[in-house]
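Working notes for the structure below.
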Amino acid sequence: MAIENSVKCTATHPTSRFTGAEYHAWVGPMEERLTRLHGARLLDIETPAGGHTRATRGRVTLDSGDRVFIKMAGDKRTAAALRAEYLVYSSIRADWLPRLISWDDGDAPLLVLEDLSDSRWPPPWPESEVKKLL
């Protein structure tokens, strides 16, 4: 499947923009996998700055209207870390944990999670929220 120019790539930090070969190297394979897993095409990718691994990650909007957060391994070490992360998400269900949407293993595992970017992220912590955690 060829990458069409209709895919919008937004960066939340100038250094996280994907251009040329970098963009096509991961967006094409990821788009094909998302289409296969969800039956929806990729419309937009927002890539956050930072991170602790070489995983490619971002908030993705699909043509179905769904928004998800994706992580795709960039090397063997990150692939192993994503497999461990998948085990956690597939084993634990909790209000404070993003819901596992889908998983696609392989040389570059793809983890698809519930997008929590519209959630409230304290601080400040109201007293009522602190009591829920204790």
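The way I read the labels, and the way they are meant: chains A, B, ... in the order of the structure tokens, residue 1 as the first residue of every chain, and ligand 1 as the first ligand shown, with later ones counted on from there.
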
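Residue neighbourhood of Asp115 of chain A, excluding near-sequence residues (fewer than 2 positions): Gly58, Arg59, Val60, Thr61, Asp66, Arg67, Val68, Phe69, Ile70, Pro98, Arg99, Leu100, Ile101, Val112, Leu113, Ser117, Asp118 and Ser119 of chain A, at 10 Å, using only C-alpha atoms.
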
Restricting the output to C-alpha atoms, write the selected residues as a PDB file, in the first residue's frame.
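And here is the file that came out, out-v8.pdb:
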```pdb
ATOM      1  CA  GLY A  58       2.198   8.867  18.655  1.00  0.00           C
ATOM      2  CA  ARG A  59      -1.453   9.712  18.859  1.00  0.00           C
ATOM      3  CA  VAL A  60      -3.171   8.470  15.728  1.00  0.00           C
ATOM      4  CA  THR A  61      -6.521   9.510  14.278  1.00  0.00           C
ATOM      5  CA  ASP A  66     -11.206   6.696  16.578  1.00  0.00           C
ATOM      6  CA  ARG A  67      -8.067   8.048  18.229  1.00  0.00           C
ATOM      7  CA  VAL A  68      -5.485   5.658  19.618  1.00  0.00           C
ATOM      8  CA  PHE A  69      -1.963   5.829  20.992  1.00  0.00           C
ATOM      9  CA  ILE A  70       0.557   3.636  19.192  1.00  0.00           C
ATOM     10  CA  PRO A  98      -5.007   2.681  29.266  1.00  0.00           C
ATOM     11  CA  ARG A  99      -7.117  -0.029  27.658  1.00  0.00           C
ATOM     12  CA  LEU A 100      -5.311  -2.367  25.253  1.00  0.00           C
ATOM     13  CA  ILE A 101      -6.880  -1.868  21.813  1.00  0.00           C
ATOM     14  CA  VAL A 112      -2.198   0.098  20.190  1.00  0.00           C
ATOM     15  CA  LEU A 113      -3.630   1.639  23.348  1.00  0.00           C
ATOM     16  CA  SER A 117      -4.596  12.671  25.916  1.00  0.00           C
ATOM     17  CA  ASP A 118      -7.988  14.256  26.679  1.00  0.00           C
ATOM     18  CA  SER A 119      -7.887  12.934  30.254  1.00  0.00           C
TER      19      SER A 119
END
```

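Using only C-alpha atoms, the nearest neighbour of Gly74 of chain A within the list A:Ile45, A:Leu116, A:Val88, A:Met30 is A:Met30.
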
task = Apply DSSP to the structure's backbone, then extract all residues of chain A labelled strand (DSSP E) and return them as an MDAnalysis selection string.
result = chainID A and resid 8:11 42:47 56:62 67:72 100:104 110:114

Expected file contents, prior selection, N, CA and C atoms, as an mmCIF file, in the first residue's frame:
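Final output, out-v9.cif:
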```cif
data_model
loop_
_atom_site.group_PDB
_atom_site.id
_atom_site.type_symbol
_atom_site.label_atom_id
_atom_site.label_comp_id
_atom_site.auth_asym_id
_atom_site.auth_seq_id
_atom_site.Cartn_x
_atom_site.Cartn_y
_atom_site.Cartn_z
ATOM 1 N N LYS A 8 -1.762 13.318 7.481
ATOM 2 C CA LYS A 8 -1.218 14.529 8.086
ATOM 3 C C LYS A 8 -0.293 14.120 9.216
ATOM 4 N N CYS A 9 0.872 14.690 9.275
ATOM 5 C CA CYS A 9 1.809 14.405 10.364
ATOM 6 C C CYS A 9 2.054 15.696 11.123
ATOM 7 N N THR A 10 1.681 15.700 12.385
ATOM 8 C CA THR A 10 1.847 16.870 13.230
ATOM 9 C C THR A 10 2.876 16.536 14.292
ATOM 10 N N ALA A 11 3.690 17.466 14.615
ATOM 11 C CA ALA A 11 4.675 17.246 15.672
ATOM 12 C C ALA A 11 4.385 18.182 16.829
ATOM 13 N N LEU A 42 -5.396 5.566 8.286
ATOM 14 C CA LEU A 42 -4.718 6.590 9.061
ATOM 15 C C LEU A 42 -4.990 7.971 8.470
ATOM 16 N N LEU A 43 -5.403 8.912 9.323
ATOM 17 C CA LEU A 43 -5.611 10.292 8.878
ATOM 18 C C LEU A 43 -4.576 11.255 9.436
ATOM 19 N N ASP A 44 -4.174 11.050 10.692
ATOM 20 C CA ASP A 44 -3.310 12.013 11.358
ATOM 21 C C ASP A 44 -2.431 11.309 12.375
ATOM 22 N N ILE A 45 -1.222 11.818 12.529
ATOM 23 C CA ILE A 45 -0.295 11.316 13.545
ATOM 24 C C ILE A 45 0.258 12.523 14.284
ATOM 25 N N GLU A 46 0.179 12.506 15.600
ATOM 26 C CA GLU A 46 0.830 13.517 16.429
ATOM 27 C C GLU A 46 1.921 12.812 17.202
ATOM 28 N N THR A 47 3.152 13.230 17.015
ATOM 29 C CA THR A 47 4.273 12.568 17.668
ATOM 30 C C THR A 47 4.774 13.396 18.838
ATOM 31 N N THR A 56 8.840 4.161 18.197
ATOM 32 C CA THR A 56 8.116 5.223 17.521
ATOM 33 C C THR A 56 6.755 5.274 18.180
ATOM 34 N N ARG A 57 6.299 6.446 18.535
ATOM 35 C CA ARG A 57 5.042 6.529 19.251
ATOM 36 C C ARG A 57 4.290 7.770 18.806
ATOM 37 N N GLY A 58 2.987 7.707 19.002
ATOM 38 C CA GLY A 58 2.198 8.867 18.655
ATOM 39 C C GLY A 58 0.716 8.634 18.818
ATOM 40 N N ARG A 59 0.001 9.734 18.821
ATOM 41 C CA ARG A 59 -1.453 9.712 18.859
ATOM 42 C C ARG A 59 -1.924 9.684 17.417
ATOM 43 N N VAL A 60 -2.740 8.705 17.100
ATOM 44 C CA VAL A 60 -3.171 8.470 15.728
ATOM 45 C C VAL A 60 -4.677 8.670 15.627
ATOM 46 N N THR A 61 -5.103 9.376 14.589
ATOM 47 C CA THR A 61 -6.521 9.510 14.278
ATOM 48 C C THR A 61 -6.794 8.667 13.040
ATOM 49 N N LEU A 62 -7.816 7.813 13.155
ATOM 50 C CA LEU A 62 -8.202 6.942 12.045
ATOM 51 C C LEU A 62 -9.421 7.522 11.341
ATOM 52 N N ARG A 67 -9.423 7.605 17.940
ATOM 53 C CA ARG A 67 -8.067 8.048 18.229
ATOM 54 C C ARG A 67 -7.437 7.016 19.141
ATOM 55 N N VAL A 68 -6.214 6.639 18.833
ATOM 56 C CA VAL A 68 -5.485 5.658 19.618
ATOM 57 C C VAL A 68 -4.058 6.148 19.810
ATOM 58 N N PHE A 69 -3.380 5.549 20.775
ATOM 59 C CA PHE A 69 -1.963 5.829 20.992
ATOM 60 C C PHE A 69 -1.198 4.599 20.554
ATOM 61 N N ILE A 70 -0.202 4.780 19.697
ATOM 62 C CA ILE A 70 0.557 3.636 19.192
ATOM 63 C C ILE A 70 2.010 3.718 19.637
ATOM 64 N N LYS A 71 2.592 2.535 19.775
ATOM 65 C CA LYS A 71 4.032 2.402 19.983
ATOM 66 C C LYS A 71 4.492 1.295 19.053
ATOM 67 N N MET A 72 5.554 1.560 18.295
ATOM 68 C CA MET A 72 6.108 0.548 17.400
ATOM 69 C C MET A 72 7.612 0.474 17.654
ATOM 70 N N LEU A 100 -5.992 -1.770 26.409
ATOM 71 C CA LEU A 100 -5.311 -2.367 25.253
ATOM 72 C C LEU A 100 -6.324 -2.456 24.114
ATOM 73 N N ILE A 101 -6.005 -1.834 22.981
ATOM 74 C CA ILE A 101 -6.880 -1.868 21.813
ATOM 75 C C ILE A 101 -6.485 -3.027 20.911
ATOM 76 N N SER A 102 -5.195 -3.125 20.585
ATOM 77 C CA SER A 102 -4.730 -4.252 19.766
ATOM 78 C C SER A 102 -3.223 -4.397 19.886
ATOM 79 N N TRP A 103 -2.765 -5.528 19.406
ATOM 80 C CA TRP A 103 -1.351 -5.893 19.465
ATOM 81 C C TRP A 103 -1.013 -6.639 18.191
ATOM 82 N N ASP A 104 0.120 -6.304 17.597
ATOM 83 C CA ASP A 104 0.601 -7.003 16.410
ATOM 84 C C ASP A 104 2.082 -7.253 16.604
ATOM 85 N N LEU A 110 3.805 -3.795 17.312
ATOM 86 C CA LEU A 110 2.957 -2.606 17.322
ATOM 87 C C LEU A 110 1.945 -2.749 18.454
ATOM 88 N N LEU A 111 1.999 -1.841 19.412
ATOM 89 C CA LEU A 111 1.095 -1.810 20.549
ATOM 90 C C LEU A 111 0.131 -0.648 20.332
ATOM 91 N N VAL A 112 -1.178 -0.934 20.388
ATOM 92 C CA VAL A 112 -2.198 0.098 20.190
ATOM 93 C C VAL A 112 -3.006 0.198 21.470
ATOM 94 N N LEU A 113 -2.991 1.398 22.063
ATOM 95 C CA LEU A 113 -3.630 1.639 23.348
ATOM 96 C C LEU A 113 -4.702 2.713 23.240
ATOM 97 N N GLU A 114 -5.566 2.741 24.243
ATOM 98 C CA GLU A 114 -6.544 3.802 24.371
ATOM 99 C C GLU A 114 -5.807 5.145 24.457
#
```

ask   = atom CA of Arg54 of chain A to atom CA of Ala25 of chain A: how many Å, to one decimal?
value = 14.2 Å

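Distances here use only C-alpha atoms; by that measure, the residue among A:Asp107, A:Asp95, A:Asp63, A:Glu31 closest to Arg77 of chain A is A:Asp107.
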